[in-house]
file run_25.cif (mmCIF, C-alpha atoms, pLDDT in the B column; chains and numbers go by the auth columns)
data_query
loop_
_atom_site.group_PDB
_atom_site.id
_atom_site.type_symbol
_atom_site.label_atom_id
_atom_site.label_comp_id
_atom_site.label_asym_id
_atom_site.label_seq_id
_atom_site.Cartn_x
_atom_site.Cartn_y
_atom_site.Cartn_z
_atom_site.B_iso_or_equiv
_atom_site.auth_seq_id
_atom_site.auth_asym_id
ATOM 1 C CA MET A 1 34.391 -7.084 276.405 51.00 12 A
ATOM 2 C CA ARG A 2 35.202 -3.381 276.754 53.00 13 A
ATOM 3 C CA SER A 3 34.004 -0.789 274.356 55.00 14 A
ATOM 4 C CA ALA A 4 36.717 0.956 272.382 55.00 15 A
ATOM 5 C CA HIS A 5 35.517 4.231 273.901 54.00 16 A
ATOM 6 C CA HIS A 6 35.610 3.052 277.512 53.00 17 A
ATOM 7 C CA SER A 7 38.110 4.947 279.627 52.00 18 A
ATOM 8 C CA ILE A 8 40.792 2.852 281.305 54.00 19 A
ATOM 9 C CA ARG A 9 40.991 5.468 284.039 55.00 20 A
ATOM 10 C CA THR A 10 37.667 4.503 285.566 54.00 21 A
ATOM 11 C CA PHE A 11 36.942 1.645 287.928 55.00 22 A
ATOM 12 C CA ASN A 12 33.408 0.911 289.073 59.00 23 A
ATOM 13 C CA ASN A 13 32.312 4.328 287.761 58.00 24 A
ATOM 14 C CA LYS A 14 34.860 6.109 289.993 61.00 25 A
ATOM 15 C CA LYS A 15 37.780 8.125 288.732 57.00 26 A
ATOM 16 C CA ILE A 16 41.225 6.985 289.799 59.00 27 A
ATOM 17 C CA ALA A 17 44.655 8.602 289.937 59.00 28 A
ATOM 18 C CA GLY A 18 45.682 10.338 286.761 60.00 29 A
ATOM 19 C CA SER A 19 42.278 11.760 285.961 61.00 30 A
ATOM 20 C CA LYS A 20 42.311 15.273 284.584 67.00 31 A
ATOM 21 C CA LYS A 21 39.892 16.811 287.074 70.00 32 A
ATOM 22 C CA THR A 22 41.746 19.238 289.328 72.00 33 A
ATOM 23 C CA SER A 23 40.578 19.766 292.873 77.00 34 A
ATOM 24 C CA TYR A 24 41.679 22.483 295.254 78.00 35 A
ATOM 25 C CA PRO A 25 41.301 22.825 299.012 78.00 36 A
ATOM 26 C CA PRO A 26 38.666 25.282 300.235 80.00 37 A
ATOM 27 C CA GLU A 27 39.860 28.869 300.435 74.00 38 A
ATOM 28 C CA GLU A 28 39.297 28.924 304.216 77.00 39 A
ATOM 29 C CA ARG A 29 42.125 26.417 304.637 82.00 40 A
ATOM 30 C CA PHE A 30 44.727 28.852 303.302 83.00 41 A
ATOM 31 C CA ASN A 31 46.622 30.961 305.800 88.00 42 A
ATOM 32 C CA PRO A 32 45.702 34.657 305.200 89.00 43 A
ATOM 33 C CA GLU A 33 49.302 35.729 305.876 92.00 44 A
ATOM 34 C CA PHE A 34 50.535 33.344 303.186 89.00 45 A
ATOM 35 C CA ILE A 35 48.007 34.732 300.715 89.00 46 A
ATOM 36 C CA LYS A 36 49.251 38.269 301.438 93.00 47 A
ATOM 37 C CA GLU A 37 52.869 37.174 300.887 92.00 48 A
ATOM 38 C CA VAL A 38 51.984 35.598 297.537 91.00 49 A
ATOM 39 C CA GLU A 39 50.019 38.655 296.415 93.00 50 A
ATOM 40 C CA GLN A 40 52.927 40.903 297.473 93.00 51 A
ATOM 41 C CA ALA A 41 55.397 38.773 295.504 89.00 52 A
ATOM 42 C CA GLN A 42 53.160 38.836 292.423 91.00 53 A
ATOM 43 C CA GLN A 43 52.848 42.621 292.635 92.00 54 A
ATOM 44 C CA GLU A 44 56.628 43.038 292.966 89.00 55 A
ATOM 45 C CA ILE A 45 57.159 40.915 289.863 86.00 56 A
ATOM 46 C CA GLN A 46 54.611 42.977 287.932 88.00 57 A
ATOM 47 C CA ASP A 47 56.410 46.141 289.079 89.00 58 A
ATOM 48 C CA GLY A 48 59.688 44.830 287.628 85.00 59 A
ATOM 49 C CA LYS A 49 61.366 43.943 290.912 83.00 60 A
ATOM 50 C CA GLY A 50 61.783 40.254 290.020 81.00 61 A
ATOM 51 C CA ILE A 51 65.136 38.689 289.195 83.00 62 A
ATOM 52 C CA LYS A 52 65.668 37.670 285.566 84.00 63 A
ATOM 53 C CA PHE A 53 68.236 35.119 284.448 87.00 64 A
ATOM 54 C CA LYS A 54 69.637 34.664 280.966 92.00 65 A
ATOM 55 C CA THR A 55 70.033 30.897 281.315 95.00 66 A
ATOM 56 C CA VAL A 56 68.867 28.123 283.583 95.00 67 A
ATOM 57 C CA ASP A 57 72.480 27.609 284.665 95.00 68 A
ATOM 58 C CA ASP A 58 72.547 31.189 285.946 94.00 69 A
ATOM 59 C CA LEU A 59 69.408 30.473 287.960 92.00 70 A
ATOM 60 C CA PHE A 60 70.903 27.356 289.540 95.00 71 A
ATOM 61 C CA SER A 61 74.174 29.084 290.354 94.00 72 A
ATOM 62 C CA TYR A 62 72.171 31.877 292.053 92.00 73 A
ATOM 63 C CA LEU A 63 70.188 29.328 294.061 92.00 74 A
ATOM 64 C CA LYS A 64 73.357 27.548 295.206 92.00 75 A
ATOM 65 C CA LYS A 65 74.679 30.769 296.777 85.00 76 A
#
call {"tool": "encode", "arguments": {"input": "run_25.cif", "output": "structure tokens"}}
result
Amino acid sequence: MRSAHHSIRTFNNKKIAGSKKTSYPPEERFNPEFIKEVEQAQQEIQDGKGIKFKTVDDLFSYLKK
């Protein structure tokens, strides 16, 4: 019989899909050019160069163009 405190998300002491632990690939696997593009985009947004939409519908209509 299972204990009331036993997690259903474990099987043979191993975590299965849906567990809350987040894992990331090692930093060496990321393309340095991609990292620069992301950092550039973040800086532009902080500088006020991002596009703001009043509604979600405005966003989707912009994306359809």
call {"tool": "atom_distance", "arguments": {"input": "run_25.cif", "atom1": "atom CA of Phe64 of chain A", "atom2": "atom CA of Ala52 of chain A"}}
result
17.3 Å
call {"tool": "axis_aligned_box", "arguments": {"input": "run_25.cif", "around": "segment 44-48 of chain A", "padding_each_side": "8 Å", "output": "lines of an AutoDock Vina configuration file"}}
result
center_x = 50.4
center_y = 35.8
center_z = 303.3
size_x = 20.9
size_y = 20.9
size_z = 21.2
call {"tool": "atom_distance", "arguments": {"input": "run_25.cif", "atom1": "atom CA of Asp68 of chain A", "atom2": "atom CA of Val49 of chain A"}}
result
25.5 Å
call {"tool": "atom_distance", "arguments": {"input": "run_25.cif", "atom1": "atom CA of Pro43 of chain A", "atom2": "atom CA of Asp58 of chain A"}}
result
22.5 Å
call {"tool": "residues_around", "arguments": {"input": "run_25.cif", "residues": "Gln51 of chain A", "least_positions_apart": "6", "cutoff": "12 Å", "atoms": "only C-alpha atoms", "output": "PyMOL selection string"}}
result
chain A and resi 44-45+57-58+60-61
